[in-house]
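Undergrad: Below you will find the structure I want to go over with you.
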Amino acid sequence: MLVDIRRVEWPYAAIFRISGRAEMSADGVQIELRDGTFLGRGEAYGVFYHGETADSILAQLESIKADLFQGVSRAELQSLLRPGGARNAVDCALWDLEAKRAGKRAWELAGMASVRRITSDFTLSLDTPDTMALAAARFRSYQKLKLKLGGEGDIERVAAVRTVRPDAEIIVDANQAWNERQLGEFIPKLAELGVKLVEQPLPVGQDSVLANYDGPVPICADESCQTRASLPALAGKYKYINIKLDKAGGLTEGLALAREAKAHGFGLMVGCMCGSSLAMAPHFIIGQHCEFVDLDGPLLSTTDMPYPIKYDGGTMSLPAAALWG
């Protein structure tokens with residue numbers, strides 16, 4: 001098996017801000033596995049709050065390059081690498097390779113006879129209320145908006161966006177920035193503003209206050225949900241979980257997480273660590289099971305892969321076979 005590993009960088013059209021973090025580009029890794037006839041590709045960014053970077057992913061992949069050269073299965077990969085960006089990149093490349101060898105689409109290999117178009121939200125970076133309102137008005141063609149929040153001033157941010165976009169479906173993501181007081185104060189006001197979902201309001205490990213939560217806006221676990229092993233601790237606290245393949249370590253675990261979460265009564269959201277259409281394509285399969293979709297990485301960037309996923313008001317075209325899977 002020929003193995004090619006490279007860094008990739010997708011510059012953002014504007015600074016992308018969340019609570020405690022600002023970026024100018026999505027920096028990740030692509031891997032290509034070629035068996036002499038067929039080519040499989042994957043792209044990953046890792047989990048920044050676990051300390052993963054493009055450099056650390058590259059180092060992990062280089063450390064198993066001999067194994068990849070000999071050829072590994074997706075089942076073998078699960079024990080070869082821990083969950084994270086490196087395993088995600090390889091796992092998705094193996095799905096792509098298997099699909100091409102079989103002459104099928106990856107979703108068929110996942111047991112789906114067909115897939116539907118899904119609609120992603122469009123993310124507004126954390127900023128002042130006026131700036132976020134201007135962005136919401138500018139991107140009026142997107143009917144679903146995700147607002148990045150950061151604590152004090154968040155109600156004003158959401159209210160400003162709602163004023164200019166009374167038509168929009170709004171979800172919010174605090175990225176662990178709230179405390180217990182803010183949670184109690186903000187949730188009723190967000191309900192009045194028509195917010196459909198609050199993502200990860202409290203820091204990981206401090207969500208015990210959500211036990212038996214029954215507020216007017218459902219709460220989704222993101223940083224608190226990594227793999228299937230996370231699920232027992234989330235029961236009774238969160239109604240939804242956010243599945244990201246960089247967290248789960250690939251489509252294989254992502255699909256298993258979706259099945260198990262549904263079996264335990266959780267609703268599903270699919271998200272991403274930004275990136276190109278190549279990173280979004282395997283997430284598209286997870287999105288078939290989800291009520292909330294946050295796969296707008298290519299919309300935030302100035303460039304994309306050849307044969308990109310096309311977005312029409314956030315509604316995604318099916319990934320082309322020439323792109324992935």
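To be explicit about the labels: the chains of the structure tokens are called A, B, and onward in the order shown, and within each one the residues are counted from 1, while ligands get numbers from 1 in the order they are shown.
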Need to verify the contact set: Glu32 in chain A, 12 Å, only C-alpha atoms, exclusion of same-chain residues closer than 5 positions in sequence. Can you return it as a PyMOL selection string?
TA: chain A and resi 1-7+38-43+61+65+68-69+89-97+278+324
Undergrad: Output N, CA and C atoms of each residue in that selection to a file, as a PDB file, in the first residue's frame.
TA:
ATOM      1  N   MET A   1       0.844  -1.189   0.000  1.00  0.00           N
ATOM      2  CA  MET A   1       0.000   0.000   0.000  1.00  0.00           C
ATOM      3  C   MET A   1       0.884   1.246   0.000  1.00  0.00           C
ATOM      4  N   LEU A   2       0.690   2.112  -0.950  1.00  0.00           N
ATOM      5  CA  LEU A   2       1.400   3.381  -0.983  1.00  0.00           C
ATOM      6  C   LEU A   2       0.691   4.363  -0.058  1.00  0.00           C
ATOM      7  N   VAL A   3       1.472   5.072   0.739  1.00  0.00           N
ATOM      8  CA  VAL A   3       0.912   5.972   1.754  1.00  0.00           C
ATOM      9  C   VAL A   3       1.488   7.369   1.546  1.00  0.00           C
ATOM     10  N   ASP A   4       0.610   8.351   1.421  1.00  0.00           N
ATOM     11  CA  ASP A   4       1.040   9.742   1.296  1.00  0.00           C
ATOM     12  C   ASP A   4       0.324  10.561   2.367  1.00  0.00           C
ATOM     13  N   ILE A   5       1.086  11.310   3.141  1.00  0.00           N
ATOM     14  CA  ILE A   5       0.544  12.115   4.240  1.00  0.00           C
ATOM     15  C   ILE A   5       1.002  13.549   4.051  1.00  0.00           C
ATOM     16  N   ARG A   6       0.092  14.492   4.191  1.00  0.00           N
ATOM     17  CA  ARG A   6       0.472  15.897   3.984  1.00  0.00           C
ATOM     18  C   ARG A   6      -0.364  16.818   4.861  1.00  0.00           C
ATOM     19  N   ARG A   7       0.223  17.967   5.183  1.00  0.00           N
ATOM     20  CA  ARG A   7      -0.518  19.030   5.863  1.00  0.00           C
ATOM     21  C   ARG A   7      -1.412  19.751   4.860  1.00  0.00           C
ATOM     22  N   PHE A  38      -6.713   1.511  -6.749  1.00  0.00           N
ATOM     23  CA  PHE A  38      -7.679   2.429  -6.164  1.00  0.00           C
ATOM     24  C   PHE A  38      -7.021   3.330  -5.118  1.00  0.00           C
ATOM     25  N   LEU A  39      -7.622   4.517  -4.957  1.00  0.00           N
ATOM     26  CA  LEU A  39      -7.103   5.529  -4.033  1.00  0.00           C
ATOM     27  C   LEU A  39      -8.158   5.860  -2.994  1.00  0.00           C
ATOM     28  N   GLY A  40      -7.787   5.793  -1.723  1.00  0.00           N
ATOM     29  CA  GLY A  40      -8.661   6.210  -0.640  1.00  0.00           C
ATOM     30  C   GLY A  40      -8.085   7.417   0.068  1.00  0.00           C
ATOM     31  N   ARG A  41      -8.954   8.392   0.409  1.00  0.00           N
ATOM     32  CA  ARG A  41      -8.476   9.632   1.024  1.00  0.00           C
ATOM     33  C   ARG A  41      -9.256   9.946   2.292  1.00  0.00           C
ATOM     34  N   GLY A  42      -8.569  10.575   3.224  1.00  0.00           N
ATOM     35  CA  GLY A  42      -9.208  11.059   4.441  1.00  0.00           C
ATOM     36  C   GLY A  42      -8.585  12.369   4.865  1.00  0.00           C
ATOM     37  N   GLU A  43      -9.326  13.161   5.643  1.00  0.00           N
ATOM     38  CA  GLU A  43      -8.855  14.466   6.111  1.00  0.00           C
ATOM     39  C   GLU A  43      -9.302  14.655   7.550  1.00  0.00           C
ATOM     40  N   LEU A  61       0.655   9.571  12.546  1.00  0.00           N
ATOM     41  CA  LEU A  61       0.552   8.825  11.293  1.00  0.00           C
ATOM     42  C   LEU A  61       1.908   8.307  10.834  1.00  0.00           C
ATOM     43  N   LYS A  65       3.254   4.336   9.891  1.00  0.00           N
ATOM     44  CA  LYS A  65       3.327   4.285   8.433  1.00  0.00           C
ATOM     45  C   LYS A  65       3.695   2.883   7.935  1.00  0.00           C
ATOM     46  N   LEU A  68       0.600   0.832   7.924  1.00  0.00           N
ATOM     47  CA  LEU A  68      -0.261   1.216   6.812  1.00  0.00           C
ATOM     48  C   LEU A  68       0.286   0.677   5.496  1.00  0.00           C
ATOM     49  N   PHE A  69       1.596   0.687   5.356  1.00  0.00           N
ATOM     50  CA  PHE A  69       2.232   0.165   4.142  1.00  0.00           C
ATOM     51  C   PHE A  69       1.899  -1.319   3.969  1.00  0.00           C
ATOM     52  N   ALA A  89      -8.550  10.248  10.126  1.00  0.00           N
ATOM     53  CA  ALA A  89      -8.039  10.383   8.764  1.00  0.00           C
ATOM     54  C   ALA A  89      -7.883   9.021   8.102  1.00  0.00           C
ATOM     55  N   VAL A  90      -7.277   8.077   8.810  1.00  0.00           N
ATOM     56  CA  VAL A  90      -7.042   6.751   8.232  1.00  0.00           C
ATOM     57  C   VAL A  90      -8.353   5.998   8.040  1.00  0.00           C
ATOM     58  N   ASP A  91      -9.215   6.045   9.053  1.00  0.00           N
ATOM     59  CA  ASP A  91     -10.486   5.333   8.969  1.00  0.00           C
ATOM     60  C   ASP A  91     -11.292   5.803   7.762  1.00  0.00           C
ATOM     61  N   CYS A  92     -11.370   7.105   7.562  1.00  0.00           N
ATOM     62  CA  CYS A  92     -12.135   7.627   6.425  1.00  0.00           C
ATOM     63  C   CYS A  92     -11.474   7.266   5.097  1.00  0.00           C
ATOM     64  N   ALA A  93     -10.146   7.246   5.056  1.00  0.00           N
ATOM     65  CA  ALA A  93      -9.456   6.819   3.842  1.00  0.00           C
ATOM     66  C   ALA A  93      -9.754   5.355   3.534  1.00  0.00           C
ATOM     67  N   LEU A  94      -9.851   4.528   4.570  1.00  0.00           N
ATOM     68  CA  LEU A  94     -10.167   3.107   4.368  1.00  0.00           C
ATOM     69  C   LEU A  94     -11.593   2.923   3.877  1.00  0.00           C
ATOM     70  N   TRP A  95     -12.526   3.705   4.397  1.00  0.00           N
ATOM     71  CA  TRP A  95     -13.900   3.663   3.884  1.00  0.00           C
ATOM     72  C   TRP A  95     -13.922   4.027   2.400  1.00  0.00           C
ATOM     73  N   ASP A  96     -13.205   5.062   2.037  1.00  0.00           N
ATOM     74  CA  ASP A  96     -13.147   5.508   0.648  1.00  0.00           C
ATOM     75  C   ASP A  96     -12.562   4.403  -0.240  1.00  0.00           C
ATOM     76  N   LEU A  97     -11.473   3.808   0.219  1.00  0.00           N
ATOM     77  CA  LEU A  97     -10.814   2.747  -0.533  1.00  0.00           C
ATOM     78  C   LEU A  97     -11.739   1.533  -0.694  1.00  0.00           C
ATOM     79  N   LEU A 278     -13.772  17.317   1.659  1.00  0.00           N
ATOM     80  CA  LEU A 278     -13.288  15.957   1.915  1.00  0.00           C
ATOM     81  C   LEU A 278     -13.536  15.561   3.367  1.00  0.00           C
ATOM     82  N   TRP A 324     -15.144  11.632  -2.514  1.00  0.00           N
ATOM     83  CA  TRP A 324     -14.956  10.643  -1.441  1.00  0.00           C
ATOM     84  C   TRP A 324     -16.112   9.661  -1.442  1.00  0.00           C
TER      85      TRP A 324
END
Undergrad: Give me, as CSV, the closest atom pair and its distance (Å, one decimal) for every residue of range 186-293 of chain A within a cut-off of 10 Å of range 16-31 of chain A, counting only C-alpha atoms, rows sorted by chain and rising number.
TA:
residue,atom,partner,partner_atom,distance
A:Met273,CA,A:Ala26,CA,8.1
A:Cys274,CA,A:Ala26,CA,6.4
A:Gly275,CA,A:Ala26,CA,5.8
A:Ser276,CA,A:Ala26,CA,8.8
A:Leu278,CA,A:Gln30,CA,9.0
A:Ala279,CA,A:Gln30,CA,9.1
Undergrad: With N, CA and C atoms retained, write the just-selected residues as a PDB file, in the first residue's frame.
TA:
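That gives us selection.pdb:
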ATOM      1  N   MET A 273     -14.886  19.860  12.788  1.00  0.00           N
ATOM      2  CA  MET A 273     -13.818  20.757  13.217  1.00  0.00           C
ATOM      3  C   MET A 273     -13.413  21.684  12.067  1.00  0.00           C
ATOM      4  N   CYS A 274     -14.400  22.032  11.219  1.00  0.00           N
ATOM      5  CA  CYS A 274     -14.169  22.784   9.985  1.00  0.00           C
ATOM      6  C   CYS A 274     -13.375  21.916   8.999  1.00  0.00           C
ATOM      7  N   GLY A 275     -12.821  22.537   7.943  1.00  0.00           N
ATOM      8  CA  GLY A 275     -12.120  21.752   6.939  1.00  0.00           C
ATOM      9  C   GLY A 275     -12.823  21.801   5.599  1.00  0.00           C
ATOM     10  N   SER A 276     -12.312  21.002   4.672  1.00  0.00           N
ATOM     11  CA  SER A 276     -12.792  21.014   3.293  1.00  0.00           C
ATOM     12  C   SER A 276     -13.951  20.044   3.100  1.00  0.00           C
ATOM     13  N   LEU A 278     -13.772  17.317   1.659  1.00  0.00           N
ATOM     14  CA  LEU A 278     -13.288  15.957   1.915  1.00  0.00           C
ATOM     15  C   LEU A 278     -13.536  15.561   3.367  1.00  0.00           C
ATOM     16  N   ALA A 279     -13.419  16.491   4.296  1.00  0.00           N
ATOM     17  CA  ALA A 279     -13.715  16.213   5.700  1.00  0.00           C
ATOM     18  C   ALA A 279     -15.212  16.118   5.948  1.00  0.00           C
TER      19      ALA A 279
END
Undergrad: As an mmCIF file with N, CA and C atoms, in the first residue's frame, please: the residues near Ile171 in chain A (cut-off 6 Å, only C-alpha atoms, same-chain neighbours under 2 positions excluded).
TA:
data_model
loop_
_atom_site.group_PDB
_atom_site.id
_atom_site.type_symbol
_atom_site.label_atom_id
_atom_site.label_comp_id
_atom_site.auth_asym_id
_atom_site.auth_seq_id
_atom_site.Cartn_x
_atom_site.Cartn_y
_atom_site.Cartn_z
ATOM 1 N N LYS A 146 -26.069 29.003 13.497
ATOM 2 C CA LYS A 146 -25.478 28.587 14.772
ATOM 3 C C LYS A 146 -24.651 29.761 15.286
ATOM 4 N N VAL A 195 -34.754 30.009 20.411
ATOM 5 C CA VAL A 195 -33.569 29.172 20.209
ATOM 6 C C VAL A 195 -33.964 27.703 20.348
ATOM 7 N N LYS A 196 -33.505 26.878 19.406
ATOM 8 C CA LYS A 196 -33.905 25.480 19.338
ATOM 9 C C LYS A 196 -33.013 24.541 20.142
ATOM 10 N N LEU A 197 -31.755 24.942 20.390
ATOM 11 C CA LEU A 197 -30.797 24.038 21.027
ATOM 12 C C LEU A 197 -29.663 24.842 21.631
#
Undergrad: Contacts of Asn88 in chain A at 9 Å or less, counting only C-alpha atoms, minus same-chain residues fewer than 4 places along, as JSON, numbers by chain?
TA: {"A": [42, 43, 44, 45, 46, 83, 84, 92, 93, 245, 246, 247, 248, 249, 250, 251, 252]}
Undergrad: Step one, run DSSP on the backbone; step two, keep only residues of range 182-217 of chain A assigned to strand (DSSP E or B); then write them as JSON, numbers by chain.
TA: {"A": [195, 196, 197, 198, 199]}
Undergrad: Mind writing the picked residues with C-alpha atoms as a compact mmCIF listing (two decimals), in the first residue's frame?
TA:
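out36.txt, written as the output of this step:
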# COMPACT_ATOMS: atom_id res chain seq x y z
CA VAL A 195 -33.57 29.17 20.21
CA LYS A 196 -33.90 25.48 19.34
CA LEU A 197 -30.80 24.04 21.03
CA VAL A 198 -28.00 25.00 23.43
CA GLU A 199 -24.70 23.23 22.83
Undergrad: Where does range 121-234 of chain A meet range 295-319 of chain A within 8 Å, residue by residue, with the nearest atom pair and distance in Å to one decimal for each, counting only C-alpha atoms, listed by chain and rising number, as a tab-separated table?
TA:
residue	atom	partner	partner_atom	distance
A:Asp121	CA	A:Gly314	CA	6.2
A:Phe122	CA	A:Asp296	CA	5.9
A:Thr123	CA	A:Asp296	CA	7.2
A:Ser141	CA	A:Gly313	CA	5.1
A:Tyr142	CA	A:Gly313	CA	4.6
A:Gln143	CA	A:Gly313	CA	6.7
A:Lys144	CA	A:Gly314	CA	7.5
Undergrad: Write to file, as a PDB file, in the first residue's frame, the residues of the selection just made, with C-alpha atoms.
TA:
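Printed below is out_18.pdb as written:
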ATOM      1  CA  ASP A 121     -26.525  25.536   9.724  1.00  0.00           C
ATOM      2  CA  PHE A 122     -24.188  28.459   9.050  1.00  0.00           C
ATOM      3  CA  THR A 123     -21.961  29.445  11.971  1.00  0.00           C
ATOM      4  CA  SER A 141     -29.798  32.855   2.330  1.00  0.00           C
ATOM      5  CA  TYR A 142     -28.954  30.452   5.165  1.00  0.00           C
ATOM      6  CA  GLN A 143     -32.123  29.523   7.030  1.00  0.00           C
ATOM      7  CA  LYS A 144     -30.332  27.791   9.910  1.00  0.00           C
TER       8      LYS A 144
END
Undergrad: Just give me the gap between CA of Ser224 in chain A and CA of Ile286 in chain A in Å, one decimal is fine.
TA: 18.6 Å
Undergrad: For the atom pair CA of Arg87 in chain A and CA of Lys104 in chain A, what is the interatomic distance in Å to one decimal place?
TA: 22.9 Å
Undergrad: Write out as a list of chain:residue names each polymer residue whose atoms come within 12 Å of range 204-212 of chain A, counting only C-alpha atoms; drop sequence neighbours fewer than 4 positions from it.
TA: A:Tyr49, A:Asn175, A:Gln176, A:Ala177, A:Trp178, A:Asn179, A:Glu180, A:Arg181, A:Leu183, A:Gly184, A:Gln200, A:Pro218, A:Ile219, A:Cys220, A:Ala221, A:Asp222, A:Glu223, A:Ser224, A:Cys225, A:Gln226, A:Ser230, A:Ala233, A:Leu234, A:Ala235, A:Gly236, A:Lys237, A:Tyr238, A:Lys239
Undergrad: Using only C-alpha atoms, find the one residue out of A:Ser79, A:Ala110, A:Arg162, A:Asp67 that sits nearest to Ala256 in chain A.
TA: A:Ala110
Undergrad: Skipping near chain neighbours, those fewer than 4 positions away, what residues fall within 6 Å of Leu149 in chain A using only C-alpha atoms, listed as a PyMOL selection string?
TA: chain A and resi 126+154+173-174
Undergrad: Residues as selected, C-alpha atoms, written as a PDB file, in the first residue's frame, can you do that?
TA:
ATOM      1  CA  LEU A 126     -18.427  35.084  18.568  1.00  0.00           C
ATOM      2  CA  ASP A 154     -24.916  36.395  25.126  1.00  0.00           C
ATOM      3  CA  ASP A 173     -22.954  27.019  21.207  1.00  0.00           C
ATOM      4  CA  ALA A 174     -21.296  28.308  24.375  1.00  0.00           C
TER       5      ALA A 174
END
